[in-house]
file run_4.txt (compact mmCIF, N, CA and C atoms)
# COMPACT_ATOMS: atom_id res chain seq x y z
N GLU A 634 -49.51 16.88 -15.75
CA GLU A 634 -48.42 16.74 -14.79
C GLU A 634 -47.58 15.55 -15.20
N LEU A 635 -46.28 15.73 -15.15
CA LEU A 635 -45.33 14.65 -15.38
C LEU A 635 -44.55 14.45 -14.09
N THR A 636 -44.47 13.21 -13.63
CA THR A 636 -43.77 12.92 -12.38
C THR A 636 -42.88 11.70 -12.55
N GLY A 637 -41.68 11.80 -12.01
CA GLY A 637 -40.76 10.66 -11.96
C GLY A 637 -40.44 10.38 -10.51
N VAL A 638 -40.52 9.13 -10.10
CA VAL A 638 -40.25 8.77 -8.70
C VAL A 638 -39.05 7.83 -8.66
N ASN A 639 -38.47 7.71 -7.47
CA ASN A 639 -37.31 6.84 -7.23
C ASN A 639 -36.15 7.17 -8.17
N LEU A 640 -35.88 8.45 -8.35
CA LEU A 640 -34.81 8.85 -9.26
C LEU A 640 -33.43 8.58 -8.69
N ILE A 641 -33.24 8.88 -7.45
CA ILE A 641 -31.98 8.56 -6.76
C ILE A 641 -32.37 7.60 -5.64
N ARG A 642 -32.24 6.34 -5.92
CA ARG A 642 -32.76 5.28 -5.05
C ARG A 642 -34.24 5.52 -4.82
N THR A 643 -34.68 5.56 -3.58
CA THR A 643 -36.10 5.81 -3.29
C THR A 643 -36.30 7.15 -2.60
N THR A 644 -35.32 8.04 -2.69
CA THR A 644 -35.39 9.26 -1.90
C THR A 644 -35.84 10.50 -2.65
N THR A 645 -35.88 10.47 -3.98
CA THR A 645 -36.14 11.68 -4.74
C THR A 645 -37.20 11.48 -5.81
N ALA A 646 -38.08 12.47 -5.92
CA ALA A 646 -39.07 12.49 -6.99
C ALA A 646 -39.03 13.87 -7.64
N VAL A 647 -39.36 13.95 -8.91
CA VAL A 647 -39.41 15.22 -9.61
C VAL A 647 -40.75 15.32 -10.33
N SER A 648 -41.32 16.53 -10.33
CA SER A 648 -42.60 16.77 -11.00
C SER A 648 -42.51 18.06 -11.80
N LEU A 649 -43.18 18.07 -12.95
CA LEU A 649 -43.33 19.25 -13.77
C LEU A 649 -44.82 19.37 -14.07
N TYR A 650 -45.41 20.51 -13.69
CA TYR A 650 -46.83 20.69 -13.94
C TYR A 650 -47.14 22.15 -14.20
N GLY A 651 -48.33 22.40 -14.70
CA GLY A 651 -48.71 23.78 -15.01
C GLY A 651 -50.20 23.97 -15.04
N PHE A 652 -50.56 25.24 -15.04
CA PHE A 652 -51.94 25.67 -15.16
C PHE A 652 -51.98 26.75 -16.22
N ALA A 653 -53.07 26.81 -16.97
CA ALA A 653 -53.20 27.83 -18.01
C ALA A 653 -54.62 28.37 -18.03
N ASN A 654 -54.72 29.64 -18.34
CA ASN A 654 -56.01 30.26 -18.60
C ASN A 654 -56.07 30.46 -20.10
N LEU A 655 -56.82 29.62 -20.78
CA LEU A 655 -56.88 29.67 -22.23
C LEU A 655 -57.56 30.94 -22.74
N ALA A 656 -58.42 31.53 -21.93
CA ALA A 656 -59.14 32.74 -22.35
C ALA A 656 -58.22 33.95 -22.44
N ASP A 657 -57.26 34.08 -21.52
CA ASP A 657 -56.39 35.27 -21.55
C ASP A 657 -54.93 34.96 -21.89
N GLY A 658 -54.60 33.69 -22.06
CA GLY A 658 -53.25 33.32 -22.48
C GLY A 658 -52.19 33.34 -21.40
N SER A 659 -52.58 33.41 -20.13
CA SER A 659 -51.58 33.39 -19.06
C SER A 659 -51.42 31.97 -18.54
N PHE A 660 -50.29 31.73 -17.87
CA PHE A 660 -50.01 30.37 -17.40
C PHE A 660 -49.03 30.40 -16.24
N SER A 661 -48.95 29.27 -15.56
CA SER A 661 -48.00 29.07 -14.47
C SER A 661 -47.42 27.67 -14.63
N THR A 662 -46.11 27.55 -14.60
CA THR A 662 -45.46 26.24 -14.66
C THR A 662 -44.59 26.07 -13.42
N THR A 663 -44.52 24.84 -12.93
CA THR A 663 -43.76 24.54 -11.72
C THR A 663 -42.90 23.30 -11.93
N LEU A 664 -41.66 23.39 -11.50
CA LEU A 664 -40.75 22.25 -11.45
C LEU A 664 -40.40 22.04 -9.99
N GLN A 665 -40.63 20.83 -9.48
CA GLN A 665 -40.35 20.58 -8.07
C GLN A 665 -39.64 19.26 -7.86
N PHE A 666 -38.79 19.26 -6.84
CA PHE A 666 -38.06 18.07 -6.41
C PHE A 666 -38.47 17.77 -4.98
N THR A 667 -38.93 16.55 -4.73
CA THR A 667 -39.30 16.13 -3.39
C THR A 667 -38.25 15.14 -2.91
N ILE A 668 -37.71 15.41 -1.72
CA ILE A 668 -36.61 14.63 -1.19
C ILE A 668 -37.03 14.07 0.17
N ASP A 669 -36.89 12.77 0.33
CA ASP A 669 -37.28 12.07 1.55
C ASP A 669 -36.10 11.24 2.04
N LEU A 670 -35.25 11.86 2.85
CA LEU A 670 -34.06 11.19 3.38
C LEU A 670 -34.37 10.55 4.73
N PRO A 671 -33.81 9.41 5.02
CA PRO A 671 -34.03 8.77 6.33
C PRO A 671 -33.56 9.69 7.47
N GLY A 672 -34.40 9.84 8.48
CA GLY A 672 -34.04 10.64 9.64
C GLY A 672 -34.23 12.14 9.47
N VAL A 673 -34.75 12.57 8.33
CA VAL A 673 -34.97 14.00 8.06
C VAL A 673 -36.41 14.17 7.59
N LEU A 674 -37.06 15.27 7.99
CA LEU A 674 -38.41 15.52 7.51
C LEU A 674 -38.39 15.66 5.98
N PRO A 675 -39.36 15.07 5.29
CA PRO A 675 -39.42 15.21 3.83
C PRO A 675 -39.60 16.67 3.45
N PHE A 676 -38.93 17.09 2.38
CA PHE A 676 -39.07 18.47 1.94
C PHE A 676 -39.12 18.54 0.42
N THR A 677 -39.69 19.64 -0.06
CA THR A 677 -39.84 19.87 -1.49
C THR A 677 -39.21 21.22 -1.83
N VAL A 678 -38.41 21.23 -2.86
CA VAL A 678 -37.81 22.45 -3.40
C VAL A 678 -38.47 22.69 -4.75
N TYR A 679 -38.97 23.91 -4.98
CA TYR A 679 -39.68 24.16 -6.22
C TYR A 679 -39.33 25.52 -6.82
N GLY A 680 -39.49 25.59 -8.13
CA GLY A 680 -39.36 26.84 -8.87
C GLY A 680 -40.60 27.01 -9.72
N ARG A 681 -41.07 28.25 -9.85
CA ARG A 681 -42.32 28.50 -10.57
C ARG A 681 -42.14 29.68 -11.50
N TYR A 682 -42.76 29.61 -12.66
CA TYR A 682 -42.73 30.70 -13.64
C TYR A 682 -44.16 31.10 -13.97
N TYR A 683 -44.43 32.39 -13.93
CA TYR A 683 -45.73 32.94 -14.30
C TYR A 683 -45.56 33.67 -15.61
N GLY A 684 -46.29 33.27 -16.64
CA GLY A 684 -46.11 33.86 -17.95
C GLY A 684 -47.40 34.33 -18.58
N GLY A 685 -47.23 35.03 -19.69
CA GLY A 685 -48.36 35.60 -20.41
C GLY A 685 -48.23 37.12 -20.43
N ARG A 686 -49.20 37.77 -21.05
CA ARG A 686 -49.16 39.23 -21.11
C ARG A 686 -49.46 39.84 -19.74
N GLU A 687 -49.10 41.10 -19.58
CA GLU A 687 -49.35 41.80 -18.32
C GLU A 687 -50.83 41.92 -18.02
N ASP A 688 -51.16 42.00 -16.75
CA ASP A 688 -52.51 42.20 -16.25
C ASP A 688 -53.46 41.06 -16.64
N ARG A 689 -52.95 39.85 -16.60
CA ARG A 689 -53.76 38.65 -16.83
C ARG A 689 -53.83 37.86 -15.54
N GLU A 690 -54.55 36.75 -15.54
CA GLU A 690 -54.77 36.00 -14.30
C GLU A 690 -53.48 35.67 -13.57
N PHE A 691 -52.48 35.12 -14.27
CA PHE A 691 -51.27 34.67 -13.59
C PHE A 691 -50.17 35.73 -13.53
N THR A 692 -50.36 36.88 -14.15
CA THR A 692 -49.33 37.93 -14.12
C THR A 692 -49.78 39.19 -13.40
N ARG A 693 -51.04 39.33 -13.11
CA ARG A 693 -51.58 40.55 -12.49
C ARG A 693 -50.90 40.86 -11.15
N ALA A 694 -50.72 39.86 -10.31
CA ALA A 694 -50.17 40.09 -8.97
C ALA A 694 -48.72 40.58 -9.00
N PHE A 695 -48.01 40.31 -10.10
CA PHE A 695 -46.59 40.64 -10.19
C PHE A 695 -46.29 41.78 -11.14
N GLY A 696 -47.29 42.30 -11.84
CA GLY A 696 -47.07 43.36 -12.80
C GLY A 696 -46.44 42.88 -14.09
N GLY A 697 -46.49 41.60 -14.36
CA GLY A 697 -45.91 41.03 -15.58
C GLY A 697 -45.37 39.65 -15.29
N GLN A 698 -44.56 39.15 -16.20
CA GLN A 698 -43.98 37.81 -16.04
C GLN A 698 -43.06 37.79 -14.82
N ALA A 699 -43.04 36.65 -14.13
CA ALA A 699 -42.26 36.57 -12.89
C ALA A 699 -41.83 35.14 -12.63
N THR A 700 -40.82 34.99 -11.79
CA THR A 700 -40.38 33.69 -11.32
C THR A 700 -40.43 33.68 -9.80
N GLY A 701 -40.54 32.51 -9.23
CA GLY A 701 -40.55 32.38 -7.78
C GLY A 701 -40.06 31.00 -7.41
N GLY A 702 -39.91 30.78 -6.15
CA GLY A 702 -39.45 29.48 -5.68
C GLY A 702 -39.59 29.38 -4.18
N GLY A 703 -39.33 28.21 -3.67
CA GLY A 703 -39.42 28.03 -2.24
C GLY A 703 -39.08 26.62 -1.81
N ILE A 704 -39.25 26.42 -0.51
CA ILE A 704 -39.02 25.11 0.11
C ILE A 704 -40.23 24.83 1.00
N ARG A 705 -40.77 23.64 0.89
CA ARG A 705 -41.86 23.20 1.77
C ARG A 705 -41.36 22.02 2.58
N VAL A 706 -41.67 22.03 3.87
CA VAL A 706 -41.30 20.91 4.76
C VAL A 706 -42.61 20.28 5.24
N ARG A 707 -42.67 18.96 5.20
CA ARG A 707 -43.88 18.24 5.56
C ARG A 707 -43.63 17.38 6.79
N ALA A 708 -44.53 17.50 7.77
CA ALA A 708 -44.48 16.64 8.95
C ALA A 708 -45.82 15.95 9.12
N ASP A 709 -45.83 14.63 9.11
CA ASP A 709 -47.04 13.84 9.29
C ASP A 709 -47.06 13.23 10.68
N PHE A 710 -48.19 13.36 11.36
CA PHE A 710 -48.34 12.81 12.71
C PHE A 710 -49.45 11.80 12.73

call {"tool": "encode", "arguments": {"input": "run_4.txt", "output": "structure tokens"}}
result
Amino acid sequence: ELTGVNLIRTTTAVSLYGFANLADGSFSTTLQFTIDLPGVLPFTVYGRYYGGREDREFTRAFGGQATGGGIRVRADF
């Protein structure tokens, strides 16, 4: 995992990480940006790529290579 913090003042961090199955050659990589603005709940925007041959650990659920993404919102009490 590679992570950079305090990229835009102290409000933004970026991470690039991945997982791989060396036995079947499939993998998943993720690029995410975490943003923590004053007065707003912290949130993370991410994009993910699933690669390798079809019908492997990281490609089986999608029928082959695929991309995905989303937004996560975090609230701590």

call {"tool": "residues_around", "arguments": {"input": "run_4.txt", "residues": "stretch 652-658 of chain A", "least_positions_apart": "5", "cutoff": "7 Å", "atoms": "all atoms listed in the file", "output": "list in words"}}
result
Thr663, Gly684, Gly685, Arg686, Arg689 and Glu690 of chain A

call {"tool": "residues_around", "arguments": {"input": "run_4.txt", "residues": "stretch 700-702 of chain A", "least_positions_apart": "3", "cutoff": "12 Å", "atoms": "only C-alpha atoms", "output": "short mmCIF file (atom, residue, chain, number, x, y, z; two decimals) with N, CA and C atoms, in the frame of the given file"}}
result
data_model
loop_
_atom_site.label_atom_id
_atom_site.label_comp_id
_atom_site.auth_asym_id
_atom_site.auth_seq_id
_atom_site.Cartn_x
_atom_site.Cartn_y
_atom_site.Cartn_z
N PHE A 660 -50.29 31.73 -17.87
CA PHE A 660 -50.01 30.37 -17.40
C PHE A 660 -49.03 30.40 -16.24
N SER A 661 -48.95 29.27 -15.56
CA SER A 661 -48.00 29.07 -14.47
C SER A 661 -47.42 27.67 -14.63
N THR A 662 -46.11 27.55 -14.60
CA THR A 662 -45.46 26.24 -14.66
C THR A 662 -44.59 26.07 -13.42
N THR A 663 -44.52 24.84 -12.93
CA THR A 663 -43.76 24.54 -11.72
C THR A 663 -42.90 23.30 -11.93
N LEU A 664 -41.66 23.39 -11.50
CA LEU A 664 -40.75 22.25 -11.45
C LEU A 664 -40.40 22.04 -9.99
N GLN A 665 -40.63 20.83 -9.48
CA GLN A 665 -40.35 20.58 -8.07
C GLN A 665 -39.64 19.26 -7.86
N PHE A 666 -38.79 19.26 -6.84
CA PHE A 666 -38.06 18.07 -6.41
C PHE A 666 -38.47 17.77 -4.98
N THR A 677 -39.69 19.64 -0.06
CA THR A 677 -39.84 19.87 -1.49
C THR A 677 -39.21 21.22 -1.83
N VAL A 678 -38.41 21.23 -2.86
CA VAL A 678 -37.81 22.45 -3.40
C VAL A 678 -38.47 22.69 -4.75
N TYR A 679 -38.97 23.91 -4.98
CA TYR A 679 -39.68 24.16 -6.22
C TYR A 679 -39.33 25.52 -6.82
N GLY A 680 -39.49 25.59 -8.13
CA GLY A 680 -39.36 26.84 -8.87
C GLY A 680 -40.60 27.01 -9.72
N ARG A 681 -41.07 28.25 -9.85
CA ARG A 681 -42.32 28.50 -10.57
C ARG A 681 -42.14 29.68 -11.50
N TYR A 682 -42.76 29.61 -12.66
CA TYR A 682 -42.73 30.70 -13.64
C TYR A 682 -44.16 31.10 -13.97
N TYR A 683 -44.43 32.39 -13.93
CA TYR A 683 -45.73 32.94 -14.30
C TYR A 683 -45.56 33.67 -15.61
N GLY A 684 -46.29 33.27 -16.64
CA GLY A 684 -46.11 33.86 -17.95
C GLY A 684 -47.40 34.33 -18.58
N PHE A 691 -52.48 35.12 -14.27
CA PHE A 691 -51.27 34.67 -13.59
C PHE A 691 -50.17 35.73 -13.53
N THR A 692 -50.36 36.88 -14.15
CA THR A 692 -49.33 37.93 -14.12
C THR A 692 -49.78 39.19 -13.40
N ALA A 694 -50.72 39.86 -10.31
CA ALA A 694 -50.17 40.09 -8.97
C ALA A 694 -48.72 40.58 -9.00
N PHE A 695 -48.01 40.31 -10.10
CA PHE A 695 -46.59 40.64 -10.19
C PHE A 695 -46.29 41.78 -11.14
N GLY A 696 -47.29 42.30 -11.84
CA GLY A 696 -47.07 43.36 -12.80
C GLY A 696 -46.44 42.88 -14.09
N GLY A 697 -46.49 41.60 -14.36
CA GLY A 697 -45.91 41.03 -15.58
C GLY A 697 -45.37 39.65 -15.29
N ARG A 705 -40.77 23.64 0.89
CA ARG A 705 -41.86 23.20 1.77
C ARG A 705 -41.36 22.02 2.58
#

call {"tool": "closest_residue", "arguments": {"input": "run_4.txt", "among": "A:Arg642, A:Ser659, A:Glu687, A:Phe676", "to": "A:Ala708", "atoms": "only C-alpha atoms"}}
result
A:Phe676

call {"tool": "closest_residue", "arguments": {"input": "run_4.txt", "among": "A:Arg693, A:Leu635, A:Ala699, A:Leu674", "to": "A:Val647", "atoms": "only C-alpha atoms"}}
result
A:Leu635

call {"tool": "residues_around", "arguments": {"input": "run_4.txt", "residues": "A:Thr645", "least_positions_apart": "6", "cutoff": "6.5 Å", "atoms": "only N, CA and C atoms", "output": "list of chain:residue names"}}
result
A:Gly637, A:Val638, A:Asn639, A:Phe666, A:Thr667, A:Ile668, A:Asp669

call {"tool": "atom_distance", "arguments": {"input": "run_4.txt", "atom1": "atom N of A:Thr636", "atom2": "atom CA of A:Gly651"}}
result
11.5 Å

call {"tool": "select_by_dssp", "arguments": {"input": "run_4.txt", "residues": "chain A", "states": "strand (DSSP E)", "output": "PyMOL selection string"}}
result
chain A and resi 635-637+645-654+659-668+676-684+699-706

call {"tool": "atom_distance", "arguments": {"input": "run_4.txt", "atom1": "atom C of A:Leu649", "atom2": "atom CA of A:Leu670"}}
result
22.1 Å

call {"tool": "atom_distance", "arguments": {"input": "run_4.txt", "atom1": "atom CA of A:Tyr650", "atom2": "atom CA of A:Pro671"}}
result
26.8 Å
